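Novice: Shown below is the structure under consideration.
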Amino acid sequence: MSNRVVCLEASHAGSWYTASGPQLNAQLEGWLSQVQSTKRPARAIIAPHAGYTYCGSCAAHAYKQVDPVNISSVESRNEFLKIIFISLSFVVLHSINK
């Protein structure tokens with residue numbers, strides 16, 4: 001298994017979310033700080049992925065349930081960790097609807 005990190009250009013910066021890194025960080029921290037964690041870390045979450053202006057607060061409720069300490073402890077014990085993101089491609093949907 002490869003440990004290669006892939007970074008993609010932030011193609012929607014300035015439209016679906018702010019282009020300012022510090023401002024974006026402040027927004028994310030603000031939304032996350034308003035949410036309580038559940039009693040246990042989530043094994044799975046479903047979160048919206050529209051522009052943060054529309055769904056940032058709602059998405060924070062889902063992501064707040066993920067405990068980074070648990071992810072780190074799995075990695076340190078060399079246990080198998082799988083994170084799966086399933087999402088629509090708005091670009092593909094837009095081209096289909098033309």
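In the structure tokens, chains take letters A, B, ... by order of appearance, with residues numbered from 1 within each chain and ligands from 1 in the order shown.
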Show me, as a compact mmCIF listing (two decimals) with C-alpha atoms, in the first residue's frame, the residues that have an atom within 6 Å of A:Ala62 when counting only C-alpha atoms, minus same-chain residues fewer than 2 positions from it.
Specialist:
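Result file follows (result.txt):
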```
# COMPACT_ATOMS: atom_id res chain seq x y z
CA ILE A 45 -20.72 9.71 9.10
CA ALA A 47 -22.12 14.85 5.76
CA ALA A 59 -21.38 19.33 8.22
CA ALA A 60 -19.70 20.33 11.50
CA LYS A 64 -17.26 16.65 15.13
CA GLN A 65 -18.11 13.00 15.78
```
Novice: I'd like to know which of A:Pro68, A:Gly56, A:Gly51, A:Gly30 is closest to A:Tyr17, using only C-alpha atoms.
Specialist: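 Looking at the shortest contact to A:Tyr17, the residue is A:Gly51.
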Novice: Among the residues of stretch 5-86 of chain A, find those DSSP assigns to alpha helix (DSSP H) from the backbone and print them as an mmCIF file with all heavy atoms, in the first residue's frame.
Specialist:
```cif
data_model
loop_
_atom_site.group_PDB
_atom_site.id
_atom_site.type_symbol
_atom_site.label_atom_id
_atom_site.label_comp_id
_atom_site.auth_asym_id
_atom_site.auth_seq_id
_atom_site.Cartn_x
_atom_site.Cartn_y
_atom_site.Cartn_z
ATOM 1 N N GLY A 21 -7.118 31.341 3.464
ATOM 2 C CA GLY A 21 -6.839 30.242 4.385
ATOM 3 C C GLY A 21 -7.172 30.571 5.834
ATOM 4 O O GLY A 21 -7.890 29.805 6.496
ATOM 5 N N PRO A 22 -6.692 31.706 6.354
ATOM 6 C CA PRO A 22 -7.012 32.047 7.745
ATOM 7 C C PRO A 22 -8.512 32.241 7.986
ATOM 8 O O PRO A 22 -9.047 31.831 9.005
ATOM 9 C CB PRO A 22 -6.240 33.348 7.977
ATOM 10 C CG PRO A 22 -5.109 33.294 7.003
ATOM 11 C CD PRO A 22 -5.671 32.601 5.793
ATOM 12 N N GLN A 23 -9.204 32.856 7.034
ATOM 13 C CA GLN A 23 -10.648 33.061 7.186
ATOM 14 C C GLN A 23 -11.388 31.724 7.142
ATOM 15 O O GLN A 23 -12.314 31.482 7.925
ATOM 16 C CB GLN A 23 -11.165 33.998 6.104
ATOM 17 C CG GLN A 23 -12.621 34.368 6.288
ATOM 18 C CD GLN A 23 -13.123 35.338 5.222
ATOM 19 O OE1 GLN A 23 -12.415 35.679 4.281
ATOM 20 N NE2 GLN A 23 -14.351 35.781 5.363
ATOM 21 N N LEU A 24 -10.982 30.830 6.244
ATOM 22 C CA LEU A 24 -11.596 29.510 6.158
ATOM 23 C C LEU A 24 -11.364 28.734 7.452
ATOM 24 O O LEU A 24 -12.290 28.125 7.994
ATOM 25 C CB LEU A 24 -11.031 28.725 4.969
ATOM 26 C CG LEU A 24 -11.543 27.304 4.784
ATOM 27 C CD1 LEU A 24 -13.056 27.284 4.612
ATOM 28 C CD2 LEU A 24 -10.853 26.642 3.601
ATOM 29 N N ASN A 25 -10.163 28.786 7.974
ATOM 30 C CA ASN A 25 -9.862 28.106 9.236
ATOM 31 C C ASN A 25 -10.735 28.645 10.366
ATOM 32 O O ASN A 25 -11.281 27.873 11.166
ATOM 33 C CB ASN A 25 -8.377 28.264 9.590
ATOM 34 C CG ASN A 25 -7.986 27.398 10.756
ATOM 35 O OD1 ASN A 25 -8.217 26.191 10.761
ATOM 36 N ND2 ASN A 25 -7.394 28.013 11.771
ATOM 37 N N ALA A 26 -10.921 29.960 10.424
ATOM 38 C CA ALA A 26 -11.761 30.567 11.465
ATOM 39 C C ALA A 26 -13.213 30.116 11.324
ATOM 40 O O ALA A 26 -13.882 29.833 12.323
ATOM 41 C CB ALA A 26 -11.661 32.087 11.405
ATOM 42 N N GLN A 27 -13.711 30.043 10.083
ATOM 43 C CA GLN A 27 -15.082 29.583 9.868
ATOM 44 C C GLN A 27 -15.239 28.134 10.336
ATOM 45 O O GLN A 27 -16.192 27.805 11.049
ATOM 46 C CB GLN A 27 -15.453 29.680 8.393
ATOM 47 C CG GLN A 27 -15.688 31.079 7.909
ATOM 48 C CD GLN A 27 -15.935 31.124 6.414
ATOM 49 O OE1 GLN A 27 -15.464 30.276 5.654
ATOM 50 N NE2 GLN A 27 -16.674 32.142 5.978
ATOM 51 N N LEU A 28 -14.319 27.266 9.923
ATOM 52 C CA LEU A 28 -14.407 25.852 10.300
ATOM 53 C C LEU A 28 -14.317 25.676 11.808
ATOM 54 O O LEU A 28 -15.108 24.934 12.404
ATOM 55 C CB LEU A 28 -13.302 25.052 9.601
ATOM 56 C CG LEU A 28 -13.384 24.990 8.076
ATOM 57 C CD1 LEU A 28 -12.140 24.314 7.503
ATOM 58 C CD2 LEU A 28 -14.647 24.306 7.609
ATOM 59 N N GLU A 29 -13.367 26.366 12.437
ATOM 60 C CA GLU A 29 -13.233 26.287 13.897
ATOM 61 C C GLU A 29 -14.499 26.791 14.586
ATOM 62 O O GLU A 29 -14.938 26.240 15.589
ATOM 63 C CB GLU A 29 -12.018 27.083 14.367
ATOM 64 C CG GLU A 29 -10.681 26.469 13.993
ATOM 65 C CD GLU A 29 -10.416 25.156 14.706
ATOM 66 O OE1 GLU A 29 -10.920 24.942 15.817
ATOM 67 O OE2 GLU A 29 -9.691 24.324 14.120
ATOM 68 N N GLY A 30 -15.103 27.849 14.038
ATOM 69 C CA GLY A 30 -16.328 28.400 14.609
ATOM 70 C C GLY A 30 -17.474 27.402 14.574
ATOM 71 O O GLY A 30 -18.158 27.190 15.572
ATOM 72 N N TRP A 31 -17.676 26.783 13.408
ATOM 73 C CA TRP A 31 -18.752 25.793 13.299
ATOM 74 C C TRP A 31 -18.497 24.601 14.215
ATOM 75 O O TRP A 31 -19.388 24.138 14.905
ATOM 76 C CB TRP A 31 -18.910 25.308 11.864
ATOM 77 C CG TRP A 31 -19.529 26.327 10.953
ATOM 78 C CD1 TRP A 31 -20.613 27.110 11.204
ATOM 79 C CD2 TRP A 31 -19.081 26.672 9.650
ATOM 80 N NE1 TRP A 31 -20.876 27.917 10.123
ATOM 81 C CE2 TRP A 31 -19.956 27.673 9.153
ATOM 82 C CE3 TRP A 31 -18.046 26.236 8.830
ATOM 83 C CZ2 TRP A 31 -19.820 28.228 7.885
ATOM 84 C CZ3 TRP A 31 -17.907 26.797 7.571
ATOM 85 C CH2 TRP A 31 -18.784 27.784 7.115
ATOM 86 N N LEU A 32 -17.259 24.096 14.220
ATOM 87 C CA LEU A 32 -16.939 22.924 15.048
ATOM 88 C C LEU A 32 -17.043 23.232 16.538
ATOM 89 O O LEU A 32 -17.434 22.374 17.320
ATOM 90 C CB LEU A 32 -15.544 22.401 14.700
ATOM 91 C CG LEU A 32 -15.432 21.711 13.346
ATOM 92 C CD1 LEU A 32 -13.971 21.509 12.967
ATOM 93 C CD2 LEU A 32 -16.186 20.399 13.334
ATOM 94 N N SER A 33 -16.726 24.456 16.933
ATOM 95 C CA SER A 33 -16.774 24.809 18.356
ATOM 96 C C SER A 33 -18.206 24.888 18.892
ATOM 97 O O SER A 33 -18.426 24.822 20.095
ATOM 98 C CB SER A 33 -16.061 26.139 18.603
ATOM 99 O OG SER A 33 -16.809 27.210 18.053
ATOM 100 N N TYR A 52 -19.737 25.778 1.912
ATOM 101 C CA TYR A 52 -19.762 25.913 3.366
ATOM 102 C C TYR A 52 -20.769 26.956 3.834
ATOM 103 O O TYR A 52 -21.313 26.846 4.917
ATOM 104 C CB TYR A 52 -18.373 26.248 3.901
ATOM 105 C CG TYR A 52 -17.379 25.127 3.728
ATOM 106 C CD1 TYR A 52 -16.037 25.400 3.521
ATOM 107 C CD2 TYR A 52 -17.772 23.799 3.782
ATOM 108 C CE1 TYR A 52 -15.129 24.374 3.371
ATOM 109 C CE2 TYR A 52 -16.869 22.775 3.632
ATOM 110 C CZ TYR A 52 -15.541 23.072 3.424
ATOM 111 O OH TYR A 52 -14.637 22.060 3.278
ATOM 112 N N THR A 53 -21.039 27.953 3.014
ATOM 113 C CA THR A 53 -22.045 28.948 3.370
ATOM 114 C C THR A 53 -23.396 28.279 3.584
ATOM 115 O O THR A 53 -24.161 28.665 4.461
ATOM 116 C CB THR A 53 -22.171 30.001 2.254
ATOM 117 O OG1 THR A 53 -20.903 30.600 2.050
ATOM 118 C CG2 THR A 53 -23.191 31.059 2.590
ATOM 119 N N TYR A 54 -23.675 27.261 2.795
ATOM 120 C CA TYR A 54 -24.964 26.577 2.851
ATOM 121 C C TYR A 54 -25.002 25.455 3.884
ATOM 122 O O TYR A 54 -26.043 25.207 4.476
ATOM 123 C CB TYR A 54 -25.313 26.001 1.478
ATOM 124 C CG TYR A 54 -25.290 27.037 0.393
ATOM 125 C CD1 TYR A 54 -24.247 27.083 -0.527
ATOM 126 C CD2 TYR A 54 -26.283 28.002 0.304
ATOM 127 C CE1 TYR A 54 -24.209 28.048 -1.520
ATOM 128 C CE2 TYR A 54 -26.258 28.975 -0.686
ATOM 129 C CZ TYR A 54 -25.210 28.993 -1.586
ATOM 130 O OH TYR A 54 -25.181 29.954 -2.555
ATOM 131 N N CYS A 55 -23.880 24.741 4.063
ATOM 132 C CA CYS A 55 -23.949 23.531 4.888
ATOM 133 C C CYS A 55 -22.837 23.418 5.925
ATOM 134 O O CYS A 55 -22.711 22.379 6.568
ATOM 135 C CB CYS A 55 -23.934 22.295 4.005
ATOM 136 S SG CYS A 55 -22.318 21.984 3.262
ATOM 137 N N GLY A 56 -22.041 24.452 6.128
ATOM 138 C CA GLY A 56 -20.915 24.364 7.061
ATOM 139 C C GLY A 56 -21.329 23.967 8.463
ATOM 140 O O GLY A 56 -20.721 23.089 9.082
ATOM 141 N N SER A 57 -22.369 24.566 8.962
ATOM 142 C CA SER A 57 -22.843 24.266 10.309
ATOM 143 C C SER A 57 -23.337 22.826 10.407
ATOM 144 O O SER A 57 -23.037 22.109 11.367
ATOM 145 C CB SER A 57 -23.959 25.239 10.696
ATOM 146 O OG SER A 57 -24.453 24.937 11.961
ATOM 147 N N CYS A 58 -24.073 22.383 9.407
ATOM 148 C CA CYS A 58 -24.600 21.008 9.402
ATOM 149 C C CYS A 58 -23.458 19.997 9.281
ATOM 150 O O CYS A 58 -23.429 18.993 10.004
ATOM 151 C CB CYS A 58 -25.573 20.848 8.247
ATOM 152 S SG CYS A 58 -26.320 19.217 8.164
ATOM 153 N N ALA A 59 -22.517 20.242 8.393
ATOM 154 C CA ALA A 59 -21.380 19.332 8.219
ATOM 155 C C ALA A 59 -20.558 19.235 9.498
ATOM 156 O O ALA A 59 -20.035 18.173 9.831
ATOM 157 C CB ALA A 59 -20.504 19.800 7.057
ATOM 158 N N ALA A 60 -20.461 20.335 10.238
ATOM 159 C CA ALA A 60 -19.705 20.331 11.498
ATOM 160 C C ALA A 60 -20.269 19.313 12.479
ATOM 161 O O ALA A 60 -19.518 18.665 13.210
ATOM 162 C CB ALA A 60 -19.702 21.725 12.125
ATOM 163 N N HIS A 61 -21.575 19.145 12.487
ATOM 164 C CA HIS A 61 -22.200 18.149 13.375
ATOM 165 C C HIS A 61 -21.706 16.742 13.046
ATOM 166 O O HIS A 61 -21.479 15.935 13.943
ATOM 167 C CB HIS A 61 -23.728 18.202 13.284
ATOM 168 C CG HIS A 61 -24.315 19.362 14.014
ATOM 169 N ND1 HIS A 61 -24.631 19.310 15.352
ATOM 170 C CD2 HIS A 61 -24.617 20.608 13.606
ATOM 171 C CE1 HIS A 61 -25.109 20.473 15.727
ATOM 172 N NE2 HIS A 61 -25.121 21.285 14.693
ATOM 173 N N ALA A 62 -21.532 16.442 11.772
ATOM 174 C CA ALA A 62 -21.039 15.114 11.380
ATOM 175 C C ALA A 62 -19.556 14.971 11.695
ATOM 176 O O ALA A 62 -19.131 14.011 12.344
ATOM 177 C CB ALA A 62 -21.285 14.890 9.887
ATOM 178 N N TYR A 63 -18.743 15.924 11.255
ATOM 179 C CA TYR A 63 -17.287 15.795 11.414
ATOM 180 C C TYR A 63 -16.834 15.903 12.867
ATOM 181 O O TYR A 63 -15.792 15.366 13.226
ATOM 182 C CB TYR A 63 -16.565 16.812 10.529
ATOM 183 C CG TYR A 63 -16.659 16.430 9.075
ATOM 184 C CD1 TYR A 63 -17.464 17.133 8.198
ATOM 185 C CD2 TYR A 63 -15.970 15.321 8.592
ATOM 186 C CE1 TYR A 63 -17.569 16.766 6.867
ATOM 187 C CE2 TYR A 63 -16.064 14.946 7.267
ATOM 188 C CZ TYR A 63 -16.858 15.667 6.416
ATOM 189 O OH TYR A 63 -16.966 15.295 5.100
ATOM 190 N N PRO A 68 -9.942 12.305 16.034
ATOM 191 C CA PRO A 68 -8.618 12.112 15.437
ATOM 192 C C PRO A 68 -7.684 11.265 16.305
ATOM 193 O O PRO A 68 -6.797 10.605 15.791
ATOM 194 C CB PRO A 68 -8.068 13.535 15.289
ATOM 195 C CG PRO A 68 -9.239 14.422 15.401
ATOM 196 C CD PRO A 68 -10.268 13.703 16.212
ATOM 197 N N VAL A 69 -7.891 11.256 17.620
ATOM 198 C CA VAL A 69 -7.054 10.436 18.506
ATOM 199 C C VAL A 69 -7.232 8.959 18.171
ATOM 200 O O VAL A 69 -6.272 8.197 18.133
ATOM 201 C CB VAL A 69 -7.399 10.716 19.989
ATOM 202 C CG1 VAL A 69 -6.680 9.747 20.905
ATOM 203 C CG2 VAL A 69 -7.054 12.149 20.332
ATOM 204 N N ASN A 70 -8.470 8.546 17.914
ATOM 205 C CA ASN A 70 -8.717 7.153 17.550
ATOM 206 C C ASN A 70 -8.055 6.790 16.229
ATOM 207 O O ASN A 70 -7.541 5.695 16.067
ATOM 208 C CB ASN A 70 -10.217 6.861 17.472
ATOM 209 C CG ASN A 70 -10.844 6.783 18.839
ATOM 210 O OD1 ASN A 70 -10.172 6.619 19.846
ATOM 211 N ND2 ASN A 70 -12.149 6.915 18.880
ATOM 212 N N ILE A 71 -8.068 7.689 15.281
ATOM 213 C CA ILE A 71 -7.420 7.432 13.996
ATOM 214 C C ILE A 71 -5.917 7.316 14.200
ATOM 215 O O ILE A 71 -5.276 6.404 13.681
ATOM 216 C CB ILE A 71 -7.765 8.536 12.976
ATOM 217 C CG1 ILE A 71 -9.255 8.483 12.655
ATOM 218 C CG2 ILE A 71 -6.937 8.391 11.711
ATOM 219 C CD1 ILE A 71 -9.770 9.640 11.838
ATOM 220 N N SER A 72 -5.334 8.211 14.988
ATOM 221 C CA SER A 72 -3.896 8.159 15.257
ATOM 222 C C SER A 72 -3.508 6.883 15.977
ATOM 223 O O SER A 72 -2.471 6.290 15.692
ATOM 224 C CB SER A 72 -3.460 9.365 16.100
ATOM 225 O OG SER A 72 -3.698 10.551 15.402
ATOM 226 N N SER A 73 -4.329 6.431 16.932
ATOM 227 C CA SER A 73 -3.975 5.223 17.680
ATOM 228 C C SER A 73 -4.051 3.991 16.786
ATOM 229 O O SER A 73 -3.268 3.066 16.934
ATOM 230 C CB SER A 73 -4.858 5.058 18.913
ATOM 231 O OG SER A 73 -6.190 4.816 18.538
ATOM 232 N N VAL A 74 -4.970 3.973 15.826
ATOM 233 C CA VAL A 74 -5.045 2.860 14.882
ATOM 234 C C VAL A 74 -3.781 2.826 14.040
ATOM 235 O O VAL A 74 -3.164 1.783 13.846
ATOM 236 C CB VAL A 74 -6.299 2.981 13.980
ATOM 237 C CG1 VAL A 74 -6.232 2.022 12.808
ATOM 238 C CG2 VAL A 74 -7.555 2.737 14.799
ATOM 239 N N GLU A 75 -3.350 3.992 13.556
ATOM 240 C CA GLU A 75 -2.136 4.064 12.740
ATOM 241 C C GLU A 75 -0.905 3.640 13.534
ATOM 242 O O GLU A 75 -0.046 2.935 13.029
ATOM 243 C CB GLU A 75 -1.955 5.479 12.185
ATOM 244 C CG GLU A 75 -3.000 5.854 11.155
ATOM 245 C CD GLU A 75 -2.912 7.304 10.736
ATOM 246 O OE1 GLU A 75 -2.200 8.089 11.391
ATOM 247 O OE2 GLU A 75 -3.578 7.660 9.753
ATOM 248 N N SER A 76 -0.820 4.050 14.794
ATOM 249 C CA SER A 76 0.354 3.718 15.597
ATOM 250 C C SER A 76 0.423 2.229 15.927
ATOM 251 O O SER A 76 1.488 1.695 16.162
ATOM 252 C CB SER A 76 0.390 4.549 16.882
ATOM 253 O OG SER A 76 -0.670 4.172 17.735
#
```
Novice: Can you tell me, as a compact mmCIF listing (two decimals) with all heavy atoms, in the first residue's frame, what residues are no more than 12 Å from A:His12 when counting only C-alpha atoms, ignoring any on the same chain fewer than 2 positions away?
Specialist:
```txt
# COMPACT_ATOMS: atom_id res chain seq x y z
N LEU A 8 -4.80 18.13 -4.32
CA LEU A 8 -5.44 18.71 -5.49
C LEU A 8 -5.59 20.22 -5.30
O LEU A 8 -5.73 20.70 -4.18
CB LEU A 8 -6.83 18.09 -5.69
CG LEU A 8 -6.86 16.58 -5.88
CD1 LEU A 8 -8.31 16.10 -5.97
CD2 LEU A 8 -6.10 16.16 -7.11
N GLU A 9 -5.58 20.93 -6.39
CA GLU A 9 -5.78 22.38 -6.33
C GLU A 9 -7.18 22.67 -5.82
O GLU A 9 -8.14 21.97 -6.15
CB GLU A 9 -5.60 22.97 -7.72
CG GLU A 9 -5.76 24.47 -7.76
CD GLU A 9 -5.57 25.03 -9.16
OE1 GLU A 9 -4.78 24.45 -9.92
OE2 GLU A 9 -6.21 26.04 -9.45
N ALA A 10 -7.31 23.68 -5.01
CA ALA A 10 -8.62 24.09 -4.45
C ALA A 10 -9.40 24.82 -5.53
O ALA A 10 -9.40 26.04 -5.60
CB ALA A 10 -8.41 24.95 -3.22
N GLY A 14 -12.95 30.59 -3.13
CA GLY A 14 -13.45 31.90 -3.55
C GLY A 14 -14.87 31.85 -4.11
O GLY A 14 -15.46 32.89 -4.36
N SER A 15 -15.40 30.64 -4.31
CA SER A 15 -16.79 30.55 -4.78
C SER A 15 -17.64 29.76 -3.78
O SER A 15 -18.56 30.30 -3.19
CB SER A 15 -16.87 29.93 -6.18
OG SER A 15 -16.36 28.62 -6.19
N TRP A 16 -17.33 28.49 -3.55
CA TRP A 16 -18.10 27.67 -2.60
C TRP A 16 -17.61 27.84 -1.18
O TRP A 16 -18.28 27.43 -0.23
CB TRP A 16 -18.05 26.20 -3.00
CG TRP A 16 -18.86 25.95 -4.23
CD1 TRP A 16 -18.41 25.93 -5.53
CD2 TRP A 16 -20.26 25.71 -4.30
NE1 TRP A 16 -19.46 25.70 -6.38
CE2 TRP A 16 -20.60 25.55 -5.65
CE3 TRP A 16 -21.26 25.61 -3.34
CZ2 TRP A 16 -21.90 25.30 -6.06
CZ3 TRP A 16 -22.55 25.35 -3.75
CH2 TRP A 16 -22.86 25.21 -5.10
N TYR A 17 -16.44 28.39 -1.01
CA TYR A 17 -15.88 28.73 0.30
C TYR A 17 -14.84 29.82 0.07
O TYR A 17 -14.41 30.06 -1.06
CB TYR A 17 -15.27 27.50 1.00
CG TYR A 17 -14.31 26.72 0.12
CD1 TYR A 17 -12.96 27.05 0.09
CD2 TYR A 17 -14.76 25.68 -0.67
CE1 TYR A 17 -12.08 26.35 -0.72
CE2 TYR A 17 -13.89 24.97 -1.47
CZ TYR A 17 -12.56 25.31 -1.49
OH TYR A 17 -11.69 24.62 -2.29
N THR A 18 -14.47 30.49 1.14
CA THR A 18 -13.54 31.62 1.01
C THR A 18 -12.18 31.17 0.47
O THR A 18 -11.75 30.04 0.72
CB THR A 18 -13.37 32.33 2.37
OG1 THR A 18 -12.45 33.42 2.20
CG2 THR A 18 -12.81 31.40 3.43
N ALA A 19 -11.52 32.06 -0.24
CA ALA A 19 -10.18 31.77 -0.77
C ALA A 19 -9.10 32.06 0.26
O ALA A 19 -7.95 31.70 0.08
CB ALA A 19 -9.94 32.59 -2.04
N SER A 20 -9.47 32.68 1.37
CA SER A 20 -8.52 33.04 2.41
C SER A 20 -8.34 31.87 3.39
O SER A 20 -9.30 31.47 4.07
CB SER A 20 -9.02 34.27 3.17
OG SER A 20 -8.33 34.42 4.39
N ALA A 50 -22.04 20.63 0.06
CA ALA A 50 -22.29 21.84 -0.73
C ALA A 50 -21.36 22.95 -0.21
O ALA A 50 -20.55 22.72 0.68
CB ALA A 50 -23.75 22.25 -0.60
N GLY A 51 -21.49 24.13 -0.73
CA GLY A 51 -20.67 25.23 -0.26
C GLY A 51 -20.82 25.43 1.24
O GLY A 51 -21.91 25.25 1.79
N TYR A 52 -19.74 25.78 1.91
CA TYR A 52 -19.76 25.91 3.37
C TYR A 52 -20.77 26.96 3.83
O TYR A 52 -21.31 26.85 4.92
CB TYR A 52 -18.37 26.25 3.90
CG TYR A 52 -17.38 25.13 3.73
CD1 TYR A 52 -16.04 25.40 3.52
CD2 TYR A 52 -17.77 23.80 3.78
CE1 TYR A 52 -15.13 24.37 3.37
CE2 TYR A 52 -16.87 22.78 3.63
CZ TYR A 52 -15.54 23.07 3.42
OH TYR A 52 -14.64 22.06 3.28
N PHE A 90 -20.28 17.18 -9.31
CA PHE A 90 -21.18 18.17 -9.89
C PHE A 90 -20.80 18.49 -11.33
O PHE A 90 -21.65 18.82 -12.14
CB PHE A 90 -21.21 19.44 -9.04
CG PHE A 90 -21.85 19.23 -7.71
CD1 PHE A 90 -21.12 19.26 -6.55
CD2 PHE A 90 -23.21 18.97 -7.62
CE1 PHE A 90 -21.71 19.07 -5.32
CE2 PHE A 90 -23.81 18.76 -6.39
CZ PHE A 90 -23.06 18.81 -5.24
N VAL A 91 -19.52 18.36 -11.65
CA VAL A 91 -19.08 18.62 -13.02
C VAL A 91 -19.71 17.59 -13.96
O VAL A 91 -20.24 17.92 -15.01
CB VAL A 91 -17.54 18.58 -13.12
CG1 VAL A 91 -17.09 18.72 -14.56
CG2 VAL A 91 -16.94 19.66 -12.25
```
Novice: In Å to one decimal, how far is atom CA of A:Ile86 from atom CA of A:Asp67?
Specialist: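 Going from atom CA of A:Asp67 over to atom CA of A:Ile86, I get 19.8 Å.
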Novice: To one decimal place, how far is atom CA of A:Gln34 from atom CA of A:Ser11 in Å?
Specialist: 27.8 Å
Novice: For atom CA of A:Cys7 and atom CA of A:His49, determine how far apart the two atoms are, in Å to one decimal place.
Specialist: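 Between atom CA of A:Cys7 and atom CA of A:His49 the gap is 18.2 Å.
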